[in-house]
$ cat run.cif   # mmCIF, C-alpha atoms
data_work
#
loop_
_atom_site.label_atom_id
_atom_site.label_comp_id
_atom_site.auth_asym_id
_atom_site.auth_seq_id
_atom_site.Cartn_x
_atom_site.Cartn_y
_atom_site.Cartn_z
CA MET A 1445 -10.07 16.06 -9.03
CA TYR A 1446 -12.13 13.55 -7.03
CA ASN A 1447 -15.87 13.53 -6.46
CA THR A 1448 -16.47 14.02 -2.74
CA LYS A 1449 -20.01 15.43 -2.83
CA ASP A 1450 -21.61 12.38 -1.24
CA ILE A 1451 -19.49 12.37 1.93
CA GLN A 1452 -18.74 14.78 4.75
CA THR A 1453 -15.33 16.26 3.91
CA GLU A 1454 -12.79 18.50 5.56
CA LYS A 1455 -10.96 21.02 3.41
CA ALA A 1456 -7.18 20.74 3.40
CA VAL A 1457 -4.06 22.19 1.84
CA LEU A 1458 -1.17 19.92 0.87
CA VAL A 1459 2.48 20.88 1.28
CA GLY A 1460 5.56 19.25 -0.26
CA LEU A 1461 9.19 19.99 -1.05
CA ILE A 1462 11.39 19.89 -4.14
CA THR A 1463 14.89 18.88 -3.02
CA PRO A 1464 18.06 17.56 -4.73
CA GLU A 1465 16.90 14.03 -3.76
CA GLN A 1466 13.29 14.68 -4.83
CA PRO A 1467 13.07 16.50 -8.20
CA GLU A 1468 10.04 18.56 -9.21
CA GLU A 1469 8.31 15.86 -11.28
CA ARG A 1470 8.53 13.33 -8.45
CA ALA A 1471 7.47 15.89 -5.82
CA LYS A 1472 4.34 16.69 -7.87
CA GLU A 1473 3.52 13.00 -8.24
CA TYR A 1474 3.94 12.48 -4.48
CA LEU A 1475 1.52 15.35 -3.85
CA ASP A 1476 -0.98 13.78 -6.26
CA GLU A 1477 -0.69 10.56 -4.26
CA LEU A 1478 -1.06 12.54 -1.03
CA GLU A 1479 -4.25 14.04 -2.50
CA PHE A 1480 -5.57 10.53 -3.13
CA LEU A 1481 -4.67 9.59 0.46
CA ALA A 1482 -6.51 12.68 1.73
CA TYR A 1483 -9.54 11.78 -0.42
CA THR A 1484 -9.48 8.23 0.97
CA ALA A 1485 -9.46 9.65 4.51
CA GLY A 1486 -12.42 11.94 3.69
CA ALA A 1487 -10.68 15.26 2.98
CA GLU A 1488 -11.00 17.58 -0.01
CA THR A 1489 -7.84 19.23 -1.30
CA SER A 1490 -8.22 22.97 -1.87
CA LYS A 1491 -4.67 23.80 -2.91
CA LYS A 1492 -1.18 22.30 -3.17
CA PHE A 1493 1.98 24.13 -2.16
CA LEU A 1494 5.48 23.19 -3.32
CA GLN A 1495 8.76 24.84 -2.32
CA ARG A 1496 12.28 24.25 -3.58
CA LEU A 1497 14.73 23.80 -0.69
CA GLU A 1498 18.07 22.07 -0.13
CA TYR A 1499 16.55 20.24 2.85
CA PRO A 1500 13.42 20.58 5.06
CA ASN A 1501 13.47 23.51 7.50
CA PRO A 1502 14.11 21.88 10.91
CA LYS A 1503 11.67 24.30 12.60
CA THR A 1504 8.75 24.62 10.17
CA PHE A 1505 9.51 22.18 7.29
CA VAL A 1506 9.09 25.04 4.74
CA GLY A 1507 10.73 28.47 4.68
CA SER A 1508 9.25 31.49 6.48
CA GLY A 1509 8.04 33.15 3.26
CA LYS A 1510 6.21 30.01 2.04
CA LEU A 1511 4.74 29.53 5.55
CA GLU A 1512 3.28 33.06 5.41
CA GLU A 1513 1.81 32.28 1.97
CA ILE A 1514 0.19 29.07 3.28
CA LYS A 1515 -1.13 30.86 6.38
CA ALA A 1516 -2.67 33.69 4.29
CA TYR A 1517 -4.45 31.19 2.01
CA ILE A 1518 -5.75 29.15 4.97
CA GLU A 1519 -7.22 32.26 6.60
CA GLU A 1520 -8.71 33.54 3.36
CA ALA A 1521 -10.26 30.23 2.23
CA GLY A 1522 -11.35 29.02 5.67
CA ILE A 1523 -9.25 25.84 5.57
CA GLY A 1524 -9.18 23.64 8.66
CA MET A 1525 -6.26 21.31 7.95
CA ALA A 1526 -2.73 21.29 6.49
CA ILE A 1527 -1.17 17.99 5.39
CA PHE A 1528 2.58 17.69 4.83
CA ASP A 1529 4.08 15.07 2.51
CA ASP A 1530 6.81 13.90 4.89
CA GLU A 1531 6.93 12.81 8.49
CA LEU A 1532 7.21 15.85 10.76
CA GLY A 1533 9.18 15.94 13.98
CA PRO A 1534 7.51 16.92 17.30
CA ALA A 1535 9.00 20.46 17.18
CA GLN A 1536 7.92 20.97 13.55
CA LEU A 1537 4.36 19.87 14.37
CA ARG A 1538 4.16 22.18 17.37
CA ASN A 1539 5.61 25.17 15.50
CA LEU A 1540 3.34 24.67 12.48
CA GLU A 1541 0.18 24.39 14.61
CA ASN A 1542 1.15 27.51 16.56
CA GLU A 1543 1.74 29.42 13.32
CA LEU A 1544 -1.11 28.15 11.12
CA LYS A 1545 -3.77 27.80 13.87
CA VAL A 1546 -5.24 24.72 12.16
CA LYS A 1547 -4.92 20.96 12.47
CA VAL A 1548 -1.56 19.79 11.06
CA LEU A 1549 -1.00 16.23 9.82
CA ASP A 1550 1.93 14.58 8.14
CA ARG A 1551 1.87 11.71 5.63
CA THR A 1552 2.45 9.11 8.37
CA ASN A 1553 -0.41 10.40 10.52
CA LEU A 1554 -2.73 10.44 7.50
CA ILE A 1555 -1.90 6.82 6.57
CA LEU A 1556 -2.41 5.73 10.18
CA ASP A 1557 -5.80 7.46 10.19
CA ILE A 1558 -6.85 5.61 7.01
CA PHE A 1559 -5.72 2.30 8.48
CA ALA A 1560 -7.69 3.05 11.66
CA GLN A 1561 -10.83 3.76 9.57
CA ARG A 1562 -10.48 0.57 7.54
CA ALA A 1563 -9.42 -1.95 10.19
CA GLN A 1564 -12.27 -4.43 10.65
CA THR A 1565 -10.92 -7.45 12.54
CA ALA A 1566 -9.41 -7.53 16.03
CA HIS A 1567 -6.07 -8.39 14.44
CA ALA A 1568 -5.98 -5.33 12.16
CA LYS A 1569 -7.29 -3.02 14.89
CA THR A 1570 -4.59 -4.17 17.31
CA GLN A 1571 -1.87 -3.69 14.68
CA VAL A 1572 -3.05 -0.18 13.83
CA GLU A 1573 -3.41 0.80 17.50
CA LEU A 1574 0.14 -0.36 18.19
CA ALA A 1575 1.49 1.71 15.27
CA GLN A 1576 -0.50 4.75 16.46
CA TYR A 1577 0.90 4.57 19.98
CA LYS A 1578 4.46 4.20 18.64
CA TYR A 1579 3.88 7.29 16.48
CA LEU A 1580 2.35 9.20 19.40
CA LEU A 1581 5.04 8.44 22.00
CA PRO A 1582 7.77 10.89 20.84
CA ARG A 1583 5.11 13.57 20.16
CA LEU A 1584 3.64 13.75 23.67
CA THR A 1585 5.52 16.99 24.33
CA ARG A 1586 3.45 18.69 21.64
CA MET A 1587 0.23 17.55 23.30
CA TRP A 1588 1.04 18.33 26.91
CA THR A 1589 3.14 21.54 26.89
CA HIS A 1590 0.33 23.33 28.76
CA LEU A 1591 0.65 20.82 31.64
CA ASP A 1592 4.43 20.75 31.90
CA ARG A 1593 4.79 23.72 34.25
CA GLN A 1594 4.27 22.78 37.90
CA ARG A 1595 3.26 25.57 40.28
CA GLY A 1596 5.70 26.15 43.18
CA GLY A 1597 5.19 27.36 46.77
CA ILE A 1598 3.83 25.81 49.94
CA GLY A 1599 1.48 22.96 49.24
CA MET A 1600 2.24 23.19 45.49
CA ARG A 1601 5.42 21.16 45.21
CA GLY A 1602 4.16 18.86 42.44
CA PRO A 1603 3.09 15.24 42.58
CA GLY A 1604 6.57 13.94 41.79
CA GLU A 1605 6.17 13.60 38.02
CA THR A 1606 4.64 15.71 35.30
CA GLN A 1607 1.55 14.76 33.31
CA ILE A 1608 3.70 13.99 30.28
CA GLU A 1609 5.75 11.44 32.24
CA THR A 1610 2.59 9.80 33.52
CA ASP A 1611 1.17 9.58 30.01
CA ARG A 1612 4.42 8.19 28.67
CA LYS A 1613 4.25 5.37 31.20
CA ILE A 1614 0.60 4.70 30.30
CA ILE A 1615 1.42 4.53 26.58
CA LEU A 1616 4.47 2.31 27.12
CA GLY A 1617 2.23 0.00 29.16
CA LYS A 1618 -0.35 -0.07 26.35
CA ILE A 1619 2.35 -0.79 23.75
CA ALA A 1620 3.57 -3.74 25.82
CA LEU A 1621 -0.02 -5.00 26.22
CA LEU A 1622 -0.76 -4.68 22.48
CA LYS A 1623 2.44 -6.57 21.63
CA GLU A 1624 1.31 -9.42 23.90
CA GLU A 1625 -2.13 -9.40 22.24
CA LEU A 1626 -0.50 -9.62 18.81
CA LYS A 1627 1.65 -12.55 19.95
CA SER A 1628 -1.50 -14.39 21.03
CA ILE A 1629 -3.30 -13.59 17.74
CA ASP A 1630 -0.21 -14.56 15.73
CA LYS A 1631 -0.08 -17.93 17.51
CA THR A 1632 -3.71 -18.59 16.54
CA LYS A 1633 -3.04 -17.52 12.94
CA SER A 1634 0.02 -19.76 12.80
CA ILE A 1635 -2.08 -22.77 13.89
CA GLN A 1636 -4.66 -21.89 11.23
CA ARG A 1637 -1.96 -21.83 8.55
CA LYS A 1638 -0.61 -25.22 9.69
CA ASN A 1639 -4.12 -26.69 9.53
CA ARG A 1640 -4.31 -25.82 5.83
CA GLY A 1641 -1.97 -28.72 5.12
CA LYS A 1642 0.52 -28.79 2.29
CA LEU A 1643 -1.58 -26.98 -0.29
CA VAL A 1644 0.47 -24.63 -2.48
CA ARG A 1645 0.09 -21.00 -1.37
CA VAL A 1646 -0.05 -18.06 -3.76
CA ALA A 1647 -0.05 -14.47 -2.46
CA LEU A 1648 -1.11 -11.33 -4.31
CA VAL A 1649 1.25 -8.45 -3.54
CA GLY A 1650 1.69 -5.00 -5.02
CA TYR A 1651 1.33 -1.27 -4.63
CA THR A 1652 -1.97 -0.08 -3.22
CA ASN A 1653 -4.87 0.38 -5.69
CA VAL A 1654 -3.36 -1.64 -8.55
CA GLY A 1655 -6.29 -4.10 -8.80
CA LYS A 1656 -5.25 -6.98 -6.50
CA SER A 1657 -8.74 -7.40 -5.02
CA THR A 1658 -10.33 -7.33 -8.50
CA LEU A 1659 -7.98 -10.10 -9.57
CA MET A 1660 -8.67 -12.00 -6.33
CA ASN A 1661 -12.41 -11.91 -7.03
CA LEU A 1662 -11.85 -13.02 -10.61
CA LEU A 1663 -9.67 -16.02 -9.74
CA SER A 1664 -11.52 -17.14 -6.60
CA LYS A 1665 -15.07 -16.09 -7.58
CA SER A 1666 -15.38 -14.35 -4.21
CA ASP A 1667 -16.56 -10.89 -3.14
CA VAL A 1668 -13.51 -9.16 -1.62
CA LEU A 1669 -14.13 -5.40 -1.18
CA MET A 1670 -13.09 -3.35 -4.22
CA GLU A 1671 -12.88 0.45 -4.11
CA ASN A 1672 -11.06 3.13 -6.06
CA LYS A 1673 -9.42 4.18 -2.81
CA LEU A 1674 -6.08 3.43 -1.22
CA PHE A 1675 -5.80 0.55 1.27
CA ALA A 1676 -9.24 -0.92 0.50
CA THR A 1677 -7.86 -4.23 1.84
CA LEU A 1678 -6.19 -4.34 5.27
CA ASP A 1679 -6.96 -7.82 6.55
CA THR A 1680 -5.47 -10.71 4.63
CA THR A 1681 -8.14 -12.68 2.76
CA VAL A 1682 -7.44 -16.33 1.93
CA ARG A 1683 -9.51 -18.36 -0.54
CA LYS A 1684 -9.21 -21.88 -1.92
CA VAL A 1685 -8.95 -21.73 -5.71
CA ILE A 1686 -9.14 -24.57 -8.23
CA ILE A 1687 -7.74 -24.05 -11.73
CA GLY A 1688 -8.38 -27.03 -13.97
CA ASN A 1689 -8.03 -29.94 -11.54
CA LEU A 1690 -5.48 -28.31 -9.26
CA PRO A 1691 -6.35 -26.72 -5.87
CA PHE A 1692 -4.26 -24.05 -4.14
CA LEU A 1693 -4.68 -21.22 -1.62
CA LEU A 1694 -4.78 -17.61 -2.83
CA SER A 1695 -4.33 -14.69 -0.42
CA ASP A 1696 -4.93 -10.97 -0.95
CA THR A 1697 -2.78 -8.72 1.27
CA VAL A 1698 -2.51 -5.05 2.24
CA GLY A 1699 -1.09 -2.82 -0.50
CA PHE A 1700 2.27 -1.09 -0.15
CA ILE A 1701 2.97 2.60 -0.68
CA ARG A 1702 5.93 4.97 -0.82
CA LYS A 1703 7.05 6.40 2.51
CA LEU A 1704 5.07 3.70 4.35
CA PRO A 1705 5.54 4.41 8.09
CA HIS A 1706 8.19 2.11 9.58
CA ASP A 1707 6.07 1.42 12.68
CA LEU A 1708 3.21 0.37 10.42
CA VAL A 1709 5.46 -2.07 8.54
CA GLU A 1710 6.63 -3.45 11.90
CA SER A 1711 3.08 -3.77 13.25
CA PHE A 1712 1.77 -5.44 10.07
CA LYS A 1713 4.61 -7.95 9.76
CA SER A 1714 2.37 -10.64 11.23
CA THR A 1715 -0.34 -9.92 8.64
CA LEU A 1716 2.35 -10.28 5.99
CA ASP A 1717 3.18 -13.79 7.26
CA GLU A 1718 0.88 -14.97 4.46
CA VAL A 1719 3.35 -13.40 2.04
CA ARG A 1720 6.37 -14.82 3.85
CA GLU A 1721 4.93 -18.35 3.83
CA ALA A 1722 3.67 -18.19 0.23
CA ASP A 1723 5.24 -20.47 -2.38
CA ILE A 1724 4.48 -18.11 -5.27
CA LEU A 1725 4.02 -14.33 -5.36
CA LEU A 1726 1.80 -12.66 -7.93
CA HIS A 1727 3.24 -9.14 -7.99
CA VAL A 1728 0.46 -7.00 -9.48
CA THR A 1729 1.36 -3.60 -10.91
CA ASP A 1730 -0.65 -0.89 -12.69
CA ILE A 1731 1.00 -0.53 -16.10
CA SER A 1732 -1.14 2.54 -16.87
CA HIS A 1733 0.53 4.47 -14.03
CA PRO A 1734 3.24 6.83 -15.35
CA ASN A 1735 5.73 5.69 -12.70
CA PHE A 1736 4.84 2.01 -12.39
CA GLU A 1737 8.55 1.07 -12.39
CA GLU A 1738 9.13 3.04 -9.20
CA GLN A 1739 6.08 1.35 -7.64
CA ILE A 1740 7.63 -2.03 -8.50
CA GLU A 1741 10.82 -0.93 -6.70
CA VAL A 1742 8.83 0.16 -3.62
CA VAL A 1743 7.14 -3.26 -3.41
CA ASP A 1744 10.43 -5.11 -3.96
CA LYS A 1745 12.06 -3.05 -1.20
CA THR A 1746 9.19 -3.79 1.23
CA LEU A 1747 9.33 -7.50 0.36
CA HIS A 1748 13.06 -7.41 1.12
CA GLU A 1749 12.33 -5.77 4.51
CA ILE A 1750 9.97 -8.59 5.51
CA GLY A 1751 12.35 -11.31 4.30
CA CYS A 1752 10.66 -12.41 1.07
CA ASP A 1753 13.65 -12.30 -1.28
CA GLY A 1754 14.17 -15.19 -3.65
CA LYS A 1755 10.56 -16.40 -3.85
CA LYS A 1756 9.18 -17.44 -7.22
CA THR A 1757 7.45 -14.30 -8.50
CA ILE A 1758 5.22 -13.69 -11.50
CA LEU A 1759 4.95 -10.01 -12.39
CA VAL A 1760 1.35 -9.27 -13.43
CA PHE A 1761 1.00 -6.04 -15.42
CA ASN A 1762 -2.65 -5.07 -14.87
CA LYS A 1763 -4.83 -2.38 -16.53
CA ILE A 1764 -3.45 -2.77 -20.05
CA ASP A 1765 -6.82 -1.42 -21.26
CA ALA A 1766 -5.91 1.94 -19.66
CA TYR A 1767 -2.34 2.09 -21.01
CA THR A 1768 -1.68 5.13 -23.21
CA TYR A 1769 1.36 6.42 -25.05
CA LYS A 1770 2.25 9.38 -27.24
CA GLU A 1771 3.44 8.66 -30.77
CA LYS A 1772 6.69 10.34 -31.79
CA ASP A 1773 6.77 12.66 -34.78
CA GLU A 1774 8.62 11.26 -37.81
CA ASP A 1775 11.10 14.14 -37.63
CA ASP A 1776 11.84 13.53 -33.92
CA LEU A 1777 15.21 11.76 -33.78
CA SER A 1778 15.56 11.87 -29.98
CA PRO A 1779 15.65 8.53 -28.10
CA ALA A 1780 12.27 7.01 -27.20
CA THR A 1781 11.11 7.55 -23.62
CA LYS A 1782 8.59 5.52 -21.62
CA GLU A 1783 5.93 8.09 -22.59
CA ASN A 1784 6.11 7.03 -26.26
CA ILE A 1785 6.73 3.29 -26.05
CA THR A 1786 3.92 1.11 -27.35
CA LEU A 1787 2.42 -1.63 -25.20
CA GLU A 1788 3.90 -4.26 -27.56
CA GLU A 1789 7.40 -2.79 -27.16
CA LEU A 1790 6.97 -2.68 -23.40
CA GLN A 1791 5.83 -6.30 -23.34
CA ALA A 1792 8.86 -7.42 -25.36
CA THR A 1793 11.21 -5.47 -23.06
CA TRP A 1794 9.86 -6.88 -19.80
CA MET A 1795 9.36 -10.42 -21.07
CA GLY A 1796 12.97 -10.45 -22.20
CA LYS A 1797 14.19 -9.00 -18.91
CA LEU A 1798 12.20 -11.44 -16.73
CA LYS A 1799 12.55 -14.51 -18.99
CA ASN A 1800 8.77 -14.65 -19.55
CA GLU A 1801 8.00 -14.63 -15.81
CA CYS A 1802 5.49 -11.84 -16.42
CA ILE A 1803 2.10 -11.43 -18.05
CA PHE A 1804 0.00 -8.50 -19.28
CA ILE A 1805 -3.70 -8.48 -18.37
CA SER A 1806 -6.75 -6.38 -17.58
CA ALA A 1807 -8.64 -7.81 -14.61
CA ALA A 1808 -11.51 -5.34 -15.06
CA LYS A 1809 -11.95 -6.17 -18.78
CA ARG A 1810 -10.96 -9.85 -18.37
CA ILE A 1811 -8.22 -9.58 -20.99
CA ASN A 1812 -5.61 -12.42 -21.03
CA ILE A 1813 -7.05 -13.97 -17.85
CA GLU A 1814 -6.92 -17.46 -19.37
CA ASP A 1815 -3.20 -16.94 -20.13
CA LEU A 1816 -2.66 -15.93 -16.50
CA LYS A 1817 -4.53 -19.03 -15.29
CA LYS A 1818 -2.39 -21.22 -17.53
CA LYS A 1819 0.85 -19.67 -16.23
CA LEU A 1820 -0.39 -19.96 -12.65
CA TYR A 1821 -1.49 -23.57 -13.20
CA GLU A 1822 1.95 -24.53 -14.51
CA SER A 1823 3.75 -22.82 -11.59
CA VAL A 1824 1.48 -24.36 -8.94
CA ARG A 1825 1.68 -27.78 -10.58
CA GLU A 1826 5.50 -27.72 -10.46
CA ILE A 1827 5.45 -27.27 -6.67
CA HIS A 1828 2.46 -29.58 -6.15
CA VAL A 1829 4.19 -32.47 -7.97
CA SER A 1830 7.26 -32.11 -5.73
CA ARG A 1831 5.04 -32.41 -2.64
CA PHE A 1832 2.71 -35.13 -3.90
CA PRO A 1833 4.81 -37.10 -6.43
CA TYR A 1834 2.48 -40.12 -6.43
CA ASN A 1835 -0.44 -38.01 -7.67
CA ASP A 1836 1.28 -36.89 -10.85
CA PHE A 1837 -1.03 -39.04 -12.98
CA LEU A 1838 -3.86 -36.67 -11.99
CA TYR A 1839 -2.28 -33.70 -13.75
CA GLU A 1840 -3.01 -32.84 -17.34
CA ASP A 1841 -1.99 -30.10 -19.69
CA TYR A 1842 -4.03 -27.00 -18.87
CA ALA A 1843 -4.98 -26.51 -22.53
CA ASP A 1844 -6.48 -30.04 -22.61
CA ILE A 1845 -8.45 -29.31 -19.43
CA CYS A 1846 -9.83 -26.08 -20.94
CA ASN A 1847 -10.81 -27.94 -24.14
CA GLU A 1848 -12.59 -30.65 -22.11
CA GLN A 1849 -14.47 -28.02 -20.09
CA GLN A 1850 -15.44 -26.17 -23.28
CA ASN A 1851 -16.71 -29.44 -24.85
CA ASP A 1852 -18.71 -30.21 -21.70
CA ASN A 1853 -20.26 -26.74 -21.81
CA GLU A 1854 -21.16 -27.12 -25.50
CA LYS A 1855 -22.80 -30.51 -24.82
CA ALA A 1856 -24.80 -28.98 -21.96
CA ASP A 1857 -25.94 -26.14 -24.24
CA ASN A 1858 -27.07 -28.61 -26.90
#

$ encode --input "run.cif" --output "structure tokens"
Amino acid sequence: MYNTKDIQTEKAVLVGLITPEQPEERAKEYLDELEFLAYTAGAETSKKFLQRLEYPNPKTFVGSGKLEEIKAYIEEAGIGMAIFDDELGPAQLRNLENELKVKVLDRTNLILDIFAQRAQTAHAKTQVELAQYKYLLPRLTRMWTHLDRQRGGIGMRGPGETQIETDRKIILGKIALLKEELKSIDKTKSIQRKNRGKLVRVALVGYTNVGKSTLMNLLSKSDVLMENKLFATLDTTVRKVIIGNLPFLLSDTVGFIRKLPHDLVESFKSTLDEVREADILLHVTDISHPNFEEQIEVVDKTLHEIGCDGKKTILVFNKIDAYTYKEKDEDDLSPATKENITLEELQATWMGKLKNECIFISAAKRINIEDLKKKLYESVREIHVSRFPYNDFLYEDYADICNEQQNDNEKADN
């Protein structure tokens, strides 16, 4: 599915479950997303396995028959890694590694690995390391079972504590140290934010890989990293932007994803301070994705977790150039589904639902960007006037500003 010829890749199998809470269609989509995560981490997916169960097997996640099927394929195809689409408990990890004889990862571990690869600044590295140690702590038993048994007899009555207990103390000490480091970094970041004055702050939020960084580059004329990979942006990027005659601060933040590890959300709460302190949120979503509505819900839920309810939000539907739908046959009298709704019908639905607090664009093709700038200008201006009431004479209608700029450009050309 993805081109991985240019990079060193590990071959992996992916494993997921169909349950009463997770129907087949959703389970398949989650595995597709897991495949994209694996690709981002540098792995090539050889095969996907799905099993229908009432609930995950507490010992091996999947049933014994499906486990034998996975094991046979791994041995036959020479696979070195199995990735499971849910967080595995310590016992499940140990049992699966003993049975499959290959490296076993779960979704959480894979996301943590991607974050570790992509962390560039000291802040991001500290946050990722903290999340990794929190993930590792309850799984030490799996790593140190071979050291748990102490030999008895004269002169062999143990040092007083097992290796696992020693390691647990070391990791708890490191967690405490990393938390102190984050407090120090957060204090510095807080001072930096205060030094920016009373400028209006706008934050880009959204599911990972929906085009936030592309939009950031377009609005701020900067060069934020853009990749067709998940979590291309980890560190918050802040740029001063001027639309018309109005300055404001625009920040690009880490993307959200389903089943985002709780410890990672906790560790990255300080990075998301830019979101918490923003005056306006631009919630970017990929309208070409078949389940974009669920992605919107995931982002809204994460925003609720970090205390960002009630902020002024503009929903930006990106990638309208990639939106596709299937026309219904004239004889088909069944109700329309989201697969056969036109873009115009979708626009009317959402604009009615959100009272026009949404806009449909393509950042890559630069479609409707001027409309977005106008909407953003009006929203920023409303807040700016309340903070600097005596400067209101400086503000003009955005359309007039655009006309003036166009006239100036035409004069320069002549």

$ resolve_selection --input "run.cif" --expression "the PyMOL selection byres ((chain A and resi 1501-1513) around 9)" --output "VMD selection string"
chain A and resid 1459 to 1461 1493 to 1497 1499 to 1500 1514 to 1518 1528 1532 to 1533 1535 to 1540 1543 to 1544

$ write_last_selection --input "run.cif" --atoms "C-alpha atoms" --output "short mmCIF file (atom, residue, chain, number, x, y, z; two decimals), keeping the file's coordinate frame"
data_model
loop_
_atom_site.label_atom_id
_atom_site.label_comp_id
_atom_site.auth_asym_id
_atom_site.auth_seq_id
_atom_site.Cartn_x
_atom_site.Cartn_y
_atom_site.Cartn_z
CA VAL A 1459 2.48 20.88 1.28
CA GLY A 1460 5.56 19.25 -0.26
CA LEU A 1461 9.19 19.99 -1.05
CA PHE A 1493 1.98 24.13 -2.16
CA LEU A 1494 5.48 23.19 -3.32
CA GLN A 1495 8.76 24.84 -2.32
CA ARG A 1496 12.28 24.25 -3.58
CA LEU A 1497 14.73 23.80 -0.69
CA TYR A 1499 16.55 20.24 2.85
CA PRO A 1500 13.42 20.58 5.06
CA ILE A 1514 0.19 29.07 3.28
CA LYS A 1515 -1.13 30.86 6.38
CA ALA A 1516 -2.67 33.69 4.29
CA TYR A 1517 -4.45 31.19 2.01
CA ILE A 1518 -5.75 29.15 4.97
CA PHE A 1528 2.58 17.69 4.83
CA LEU A 1532 7.21 15.85 10.76
CA GLY A 1533 9.18 15.94 13.98
CA ALA A 1535 9.00 20.46 17.18
CA GLN A 1536 7.92 20.97 13.55
CA LEU A 1537 4.36 19.87 14.37
CA ARG A 1538 4.16 22.18 17.37
CA ASN A 1539 5.61 25.17 15.50
CA LEU A 1540 3.34 24.67 12.48
CA GLU A 1543 1.74 29.42 13.32
CA LEU A 1544 -1.11 28.15 11.12
#

$ closest_residue --input "run.cif" --among "A:Ala1526, A:Ile1686, A:Met1795, A:Leu1581" --to "Ile1614 (chain A)" --atoms "all atoms listed in the file"
A:Leu1581

$ atom_distance --input "run.cif" --atom1 "CA of His1828 (chain A)" --atom2 "CA of Phe1804 (chain A)"
25.0 Å

$ residues_around --input "run.cif" --residues "Glu1788 (chain A)" --least-positions-apart "3" --cutoff "12 Å" --atoms "only C-alpha atoms" --output "compact mmCIF listing (two decimals) with C-alpha atoms, in the frame of the given file"
# COMPACT_ATOMS: atom_id res chain seq x y z
CA ILE A 1764 -3.45 -2.77 -20.05
CA TYR A 1767 -2.34 2.09 -21.01
CA THR A 1768 -1.68 5.13 -23.21
CA TYR A 1769 1.36 6.42 -25.05
CA ASN A 1784 6.11 7.03 -26.26
CA ILE A 1785 6.73 3.29 -26.05
CA GLN A 1791 5.83 -6.30 -23.34
CA ALA A 1792 8.86 -7.42 -25.36
CA THR A 1793 11.21 -5.47 -23.06
CA TRP A 1794 9.86 -6.88 -19.80
CA MET A 1795 9.36 -10.42 -21.07
CA PHE A 1804 0.00 -8.50 -19.28

$ atom_distance --input "run.cif" --atom1 "CA of Asp1707 (chain A)" --atom2 "CA of Glu1749 (chain A)"
12.6 Å

$ residues_near_point --input "run.cif" --point "(-13.4, 16.3, 3.7)" --cutoff "6 Å" --atoms "only C-alpha atoms" --output "VMD selection string"
chain A and resid 1452 to 1455 1486 to 1488
